[in-house]
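K.L.:
Pasting in a structure now, in structure tokens, and then I'll have a few things to ask.
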Amino acid sequence: MDQKYESLKLENQLCFPLYACSREVIKQYKPFLDELELTYTQYIAMMVLWEHNSVTVKELGQYLFLDSGTLTPLLKKMEAKGLISRKRDQEDERSLIVSLTPEGEALRERALEVPKKMAQCVRLNPEEAMELYKLLYKLLG
């Protein structure tokens, strides 16, 4: 291949291994999340809610790096499952507050095993995992 096109080789792209790894890791989550009847995106939304109990859609989007166009159908499905409730903010009608229901809170106990199971799927030692974590958040920043 002509040297001029070297930068267009897939093997020279940082984005590709990030993309491929992300897909593979999410695929590893699937059997564990199927037991909880959650998709990966629903799972990470629940993680935010388990930590904060109640957030605005805007805040949830900021935590998850997702826009409201992606969140709205996701939250509607989660509400239909009885895991969350969505209500307009009394002080700011434009703002929609997402809160855990008792069913959503109860699911937290069942989800406790997911990180443990996932740790067995990732072939990194704790130091490597922490270094990767730091580098990925550096990129996100």
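FYI, nothing fancy with the structure tokens labels: chains A, B, ... in order, residues from 1 per chain, ligands from 1 as they appear.
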Excluding same-chain residues fewer than 4 positions from Leu96 (chain A), what lies within 9 Å of it counting only C-alpha atoms, as a PyMOL selection string?
P.N.:
chain A and resi 55-58+86-89+92
K.L.:
When you look at Arg108 (chain A) with a cut-off of 9 Å (counting only C-alpha atoms), what residues show up, excluding the ones that are within fewer than 2 positions of it in the same chain? I need them as a ChimeraX atom specification.
P.N.:
/A:46-47,50,104-106,110-112
K.L.:
Run DSSP on the backbone and tell me which residues of chain A come out as alpha helix (DSSP H); list them as a PyMOL selection string.
P.N.:
chain A and resi 15-36+40-52+57-64+68-80+102-111+113-121+126-140
K.L.:
Using only C-alpha atoms, find the one residue out of A:Tyr19, A:Tyr43, A:Phe32, A:Tyr5 that sits nearest to Cys121 (chain A).
P.N.:
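Among the listed residues, the smallest separation from Cys121 (chain A) belongs to A:Phe32.
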K.L.:
Rounded to one decimal, what separation in Å do you get between CA of Tyr133 (chain A) and CA of Pro73 (chain A)?
P.N.:
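According to the coordinates, CA of Tyr133 (chain A) and CA of Pro73 (chain A) are separated by 28.9 Å.
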K.L.:
Using only C-alpha atoms, which residue out of A:Tyr40, A:His52, A:Glu131, A:Glu11 lies closest to Val25 (chain A)?
P.N.:
A:Tyr40
K.L.:
Using the chain letters and numbers from this document, which residues of chain A does DSSP assign to strand (DSSP E), as a ChimeraX atom specification?
P.N.:
/A:54-56,84-88,96-100
K.L.:
Next, write the just-selected residues to a file, as a PDB file, in the first residue's frame, keeping N, CA, C and O atoms as the atom set.
P.N.:
```pdb
ATOM      1  N   SER A  54     -32.583   9.280  42.230  1.00  0.00           N
ATOM      2  CA  SER A  54     -33.424  10.151  41.422  1.00  0.00           C
ATOM      3  C   SER A  54     -32.535  11.164  40.708  1.00  0.00           C
ATOM      4  O   SER A  54     -31.696  11.797  41.349  1.00  0.00           O
ATOM      5  N   VAL A  55     -32.705  11.298  39.392  1.00  0.00           N
ATOM      6  CA  VAL A  55     -31.929  12.258  38.596  1.00  0.00           C
ATOM      7  C   VAL A  55     -32.817  12.814  37.493  1.00  0.00           C
ATOM      8  O   VAL A  55     -33.833  12.207  37.138  1.00  0.00           O
ATOM      9  N   THR A  56     -32.426  13.948  36.936  1.00  0.00           N
ATOM     10  CA  THR A  56     -33.146  14.450  35.770  1.00  0.00           C
ATOM     11  C   THR A  56     -32.649  13.687  34.542  1.00  0.00           C
ATOM     12  O   THR A  56     -31.563  13.089  34.564  1.00  0.00           O
ATOM     13  N   ILE A  84     -38.711   2.155  36.943  1.00  0.00           N
ATOM     14  CA  ILE A  84     -38.532   3.585  37.199  1.00  0.00           C
ATOM     15  C   ILE A  84     -39.860   4.304  37.045  1.00  0.00           C
ATOM     16  O   ILE A  84     -40.816   3.770  36.475  1.00  0.00           O
ATOM     17  N   SER A  85     -39.886   5.537  37.527  1.00  0.00           N
ATOM     18  CA  SER A  85     -41.009   6.437  37.234  1.00  0.00           C
ATOM     19  C   SER A  85     -40.409   7.719  36.666  1.00  0.00           C
ATOM     20  O   SER A  85     -39.266   8.068  36.960  1.00  0.00           O
ATOM     21  N   ARG A  86     -41.192   8.381  35.821  1.00  0.00           N
ATOM     22  CA  ARG A  86     -40.767   9.660  35.237  1.00  0.00           C
ATOM     23  C   ARG A  86     -41.828  10.691  35.573  1.00  0.00           C
ATOM     24  O   ARG A  86     -43.006  10.464  35.343  1.00  0.00           O
ATOM     25  N   LYS A  87     -41.382  11.805  36.135  1.00  0.00           N
ATOM     26  CA  LYS A  87     -42.315  12.872  36.513  1.00  0.00           C
ATOM     27  C   LYS A  87     -41.696  14.220  36.194  1.00  0.00           C
ATOM     28  O   LYS A  87     -40.487  14.409  36.320  1.00  0.00           O
ATOM     29  N   ARG A  88     -42.557  15.162  35.821  1.00  0.00           N
ATOM     30  CA  ARG A  88     -42.102  16.540  35.588  1.00  0.00           C
ATOM     31  C   ARG A  88     -41.672  17.158  36.910  1.00  0.00           C
ATOM     32  O   ARG A  88     -42.298  16.945  37.947  1.00  0.00           O
ATOM     33  N   LEU A  96     -37.509  16.643  33.408  1.00  0.00           N
ATOM     34  CA  LEU A  96     -38.151  15.365  33.719  1.00  0.00           C
ATOM     35  C   LEU A  96     -37.270  14.613  34.712  1.00  0.00           C
ATOM     36  O   LEU A  96     -36.073  14.420  34.477  1.00  0.00           O
ATOM     37  N   ILE A  97     -37.863  14.218  35.833  1.00  0.00           N
ATOM     38  CA  ILE A  97     -37.124  13.515  36.880  1.00  0.00           C
ATOM     39  C   ILE A  97     -37.386  12.014  36.766  1.00  0.00           C
ATOM     40  O   ILE A  97     -38.532  11.573  36.672  1.00  0.00           O
ATOM     41  N   VAL A  98     -36.302  11.256  36.775  1.00  0.00           N
ATOM     42  CA  VAL A  98     -36.366   9.795  36.718  1.00  0.00           C
ATOM     43  C   VAL A  98     -36.026   9.271  38.102  1.00  0.00           C
ATOM     44  O   VAL A  98     -35.005   9.652  38.678  1.00  0.00           O
ATOM     45  N   SER A  99     -36.889   8.398  38.639  1.00  0.00           N
ATOM     46  CA  SER A  99     -36.687   7.855  39.980  1.00  0.00           C
ATOM     47  C   SER A  99     -36.873   6.351  39.980  1.00  0.00           C
ATOM     48  O   SER A  99     -37.635   5.808  39.171  1.00  0.00           O
ATOM     49  N   LEU A 100     -36.201   5.700  40.902  1.00  0.00           N
ATOM     50  CA  LEU A 100     -36.374   4.260  41.085  1.00  0.00           C
ATOM     51  C   LEU A 100     -37.727   3.964  41.703  1.00  0.00           C
ATOM     52  O   LEU A 100     -38.199   4.708  42.569  1.00  0.00           O
TER      53      LEU A 100
END
```
K.L.:
With only C-alpha atoms as the counted atoms, please give the residues lying no more than 10 Å from Ile44 (chain A), apart from itself and same-chain residues fewer than 4 positions off, as a ChimeraX atom specification.
P.N.:
/A:38-40,48-50,60,63-64
K.L.:
Using only N, CA and C atoms, please write the residues we just selected to a file, as an mmCIF file, in the first residue's frame.
P.N.:
```
data_model
loop_
_atom_site.group_PDB
_atom_site.id
_atom_site.type_symbol
_atom_site.label_atom_id
_atom_site.label_comp_id
_atom_site.auth_asym_id
_atom_site.auth_seq_id
_atom_site.Cartn_x
_atom_site.Cartn_y
_atom_site.Cartn_z
ATOM 1 N N LEU A 38 -32.519 -7.013 31.480
ATOM 2 C CA LEU A 38 -32.043 -5.675 31.159
ATOM 3 C C LEU A 38 -31.119 -5.725 29.945
ATOM 4 N N THR A 39 -31.151 -4.667 29.154
ATOM 5 C CA THR A 39 -30.130 -4.477 28.134
ATOM 6 C C THR A 39 -28.937 -3.813 28.823
ATOM 7 N N TYR A 40 -27.823 -3.738 28.129
ATOM 8 C CA TYR A 40 -26.659 -3.088 28.716
ATOM 9 C C TYR A 40 -26.952 -1.615 29.033
ATOM 10 N N VAL A 48 -26.720 4.212 37.609
ATOM 11 C CA VAL A 48 -26.782 5.624 38.010
ATOM 12 C C VAL A 48 -27.902 5.823 39.026
ATOM 13 N N LEU A 49 -29.049 5.225 38.763
ATOM 14 C CA LEU A 49 -30.189 5.392 39.674
ATOM 15 C C LEU A 49 -29.957 4.685 41.008
ATOM 16 N N TRP A 50 -29.308 3.536 41.004
ATOM 17 C CA TRP A 50 -28.991 2.872 42.271
ATOM 18 C C TRP A 50 -28.057 3.733 43.105
ATOM 19 N N LEU A 60 -28.874 12.268 33.797
ATOM 20 C CA LEU A 60 -28.653 10.878 33.396
ATOM 21 C C LEU A 60 -27.865 10.835 32.084
ATOM 22 N N TYR A 63 -24.215 11.608 32.797
ATOM 23 C CA TYR A 63 -23.518 10.461 33.400
ATOM 24 C C TYR A 63 -23.186 9.396 32.355
ATOM 25 N N LEU A 64 -24.119 9.146 31.441
ATOM 26 C CA LEU A 64 -23.990 8.036 30.502
ATOM 27 C C LEU A 64 -23.455 8.431 29.131
#
```
K.L.:
Hey, can you check how far CA of Ser22 (chain A) sits from CA of Leu136 (chain A)?
P.N.:
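Atom-to-atom, CA of Ser22 (chain A) to CA of Leu136 (chain A), that is 11.3 Å.
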K.L.:
What does the distance between CA of Thr101 (chain A) and CA of Lys81 (chain A) come to in Å, to one decimal place?
P.N.:
10.3 Å
K.L.:
Find the residues around Phe65 (chain A) up to 12 Å (only C-alpha atoms counted), leave out those fewer than 2 positions away in its own chain, and share them as a ChimeraX atom specification.
P.N.:
/A:41,44-45,57-63,67-71,137,140-141
K.L.:
Based on the selection just made, write N, CA and C atoms of those residues as a PDB file, in the first residue's frame.
P.N.:
```pdb
ATOM      1  N   THR A  41     -27.607  -0.930  28.108  1.00  0.00           N
ATOM      2  CA  THR A  41     -27.892   0.494  28.328  1.00  0.00           C
ATOM      3  C   THR A  41     -28.856   0.678  29.494  1.00  0.00           C
ATOM      4  N   ILE A  44     -26.728   0.233  32.726  1.00  0.00           N
ATOM      5  CA  ILE A  44     -25.918   1.372  33.164  1.00  0.00           C
ATOM      6  C   ILE A  44     -26.799   2.520  33.657  1.00  0.00           C
ATOM      7  N   ALA A  45     -28.000   2.644  33.089  1.00  0.00           N
ATOM      8  CA  ALA A  45     -28.945   3.647  33.610  1.00  0.00           C
ATOM      9  C   ALA A  45     -29.361   3.283  35.036  1.00  0.00           C
ATOM     10  N   VAL A  57     -33.429  13.704  33.476  1.00  0.00           N
ATOM     11  CA  VAL A  57     -33.010  13.063  32.233  1.00  0.00           C
ATOM     12  C   VAL A  57     -31.709  13.682  31.744  1.00  0.00           C
ATOM     13  N   LYS A  58     -31.591  14.995  31.896  1.00  0.00           N
ATOM     14  CA  LYS A  58     -30.368  15.681  31.477  1.00  0.00           C
ATOM     15  C   LYS A  58     -29.156  15.166  32.257  1.00  0.00           C
ATOM     16  N   GLU A  59     -29.293  15.040  33.582  1.00  0.00           N
ATOM     17  CA  GLU A  59     -28.197  14.523  34.406  1.00  0.00           C
ATOM     18  C   GLU A  59     -27.849  13.089  34.016  1.00  0.00           C
ATOM     19  N   LEU A  60     -28.874  12.268  33.797  1.00  0.00           N
ATOM     20  CA  LEU A  60     -28.653  10.878  33.396  1.00  0.00           C
ATOM     21  C   LEU A  60     -27.865  10.835  32.084  1.00  0.00           C
ATOM     22  N   GLY A  61     -28.239  11.683  31.147  1.00  0.00           N
ATOM     23  CA  GLY A  61     -27.528  11.770  29.876  1.00  0.00           C
ATOM     24  C   GLY A  61     -26.070  12.152  30.062  1.00  0.00           C
ATOM     25  N   GLN A  62     -25.810  13.053  30.992  1.00  0.00           N
ATOM     26  CA  GLN A  62     -24.429  13.474  31.267  1.00  0.00           C
ATOM     27  C   GLN A  62     -23.616  12.330  31.876  1.00  0.00           C
ATOM     28  N   TYR A  63     -24.215  11.608  32.797  1.00  0.00           N
ATOM     29  CA  TYR A  63     -23.518  10.461  33.400  1.00  0.00           C
ATOM     30  C   TYR A  63     -23.186   9.396  32.355  1.00  0.00           C
ATOM     31  N   ASP A  67     -27.687  11.131  24.614  1.00  0.00           N
ATOM     32  CA  ASP A  67     -28.600  12.254  24.416  1.00  0.00           C
ATOM     33  C   ASP A  67     -30.034  11.839  24.747  1.00  0.00           C
ATOM     34  N   SER A  68     -30.902  12.824  24.860  1.00  0.00           N
ATOM     35  CA  SER A  68     -32.288  12.546  25.252  1.00  0.00           C
ATOM     36  C   SER A  68     -33.009  11.714  24.195  1.00  0.00           C
ATOM     37  N   GLY A  69     -32.610  11.824  22.939  1.00  0.00           N
ATOM     38  CA  GLY A  69     -33.222  11.007  21.888  1.00  0.00           C
ATOM     39  C   GLY A  69     -32.970   9.524  22.083  1.00  0.00           C
ATOM     40  N   THR A  70     -31.836   9.194  22.669  1.00  0.00           N
ATOM     41  CA  THR A  70     -31.516   7.796  22.995  1.00  0.00           C
ATOM     42  C   THR A  70     -32.170   7.401  24.313  1.00  0.00           C
ATOM     43  N   LEU A  71     -32.175   8.318  25.272  1.00  0.00           N
ATOM     44  CA  LEU A  71     -32.694   8.011  26.606  1.00  0.00           C
ATOM     45  C   LEU A  71     -34.213   7.855  26.645  1.00  0.00           C
ATOM     46  N   TYR A 137     -10.967   7.031  30.744  1.00  0.00           N
ATOM     47  CA  TYR A 137     -11.585   8.255  31.265  1.00  0.00           C
ATOM     48  C   TYR A 137     -10.802   9.494  30.856  1.00  0.00           C
ATOM     49  N   LEU A 140     -12.180  10.182  27.498  1.00  0.00           N
ATOM     50  CA  LEU A 140     -13.535  10.746  27.607  1.00  0.00           C
ATOM     51  C   LEU A 140     -13.492  12.203  28.038  1.00  0.00           C
ATOM     52  N   GLY A 141     -12.500  12.552  28.841  1.00  0.00           N
ATOM     53  CA  GLY A 141     -12.372  13.923  29.335  1.00  0.00           C
ATOM     54  C   GLY A 141     -12.011  14.867  28.228  1.00  0.00           C
TER      55      GLY A 141
END
```
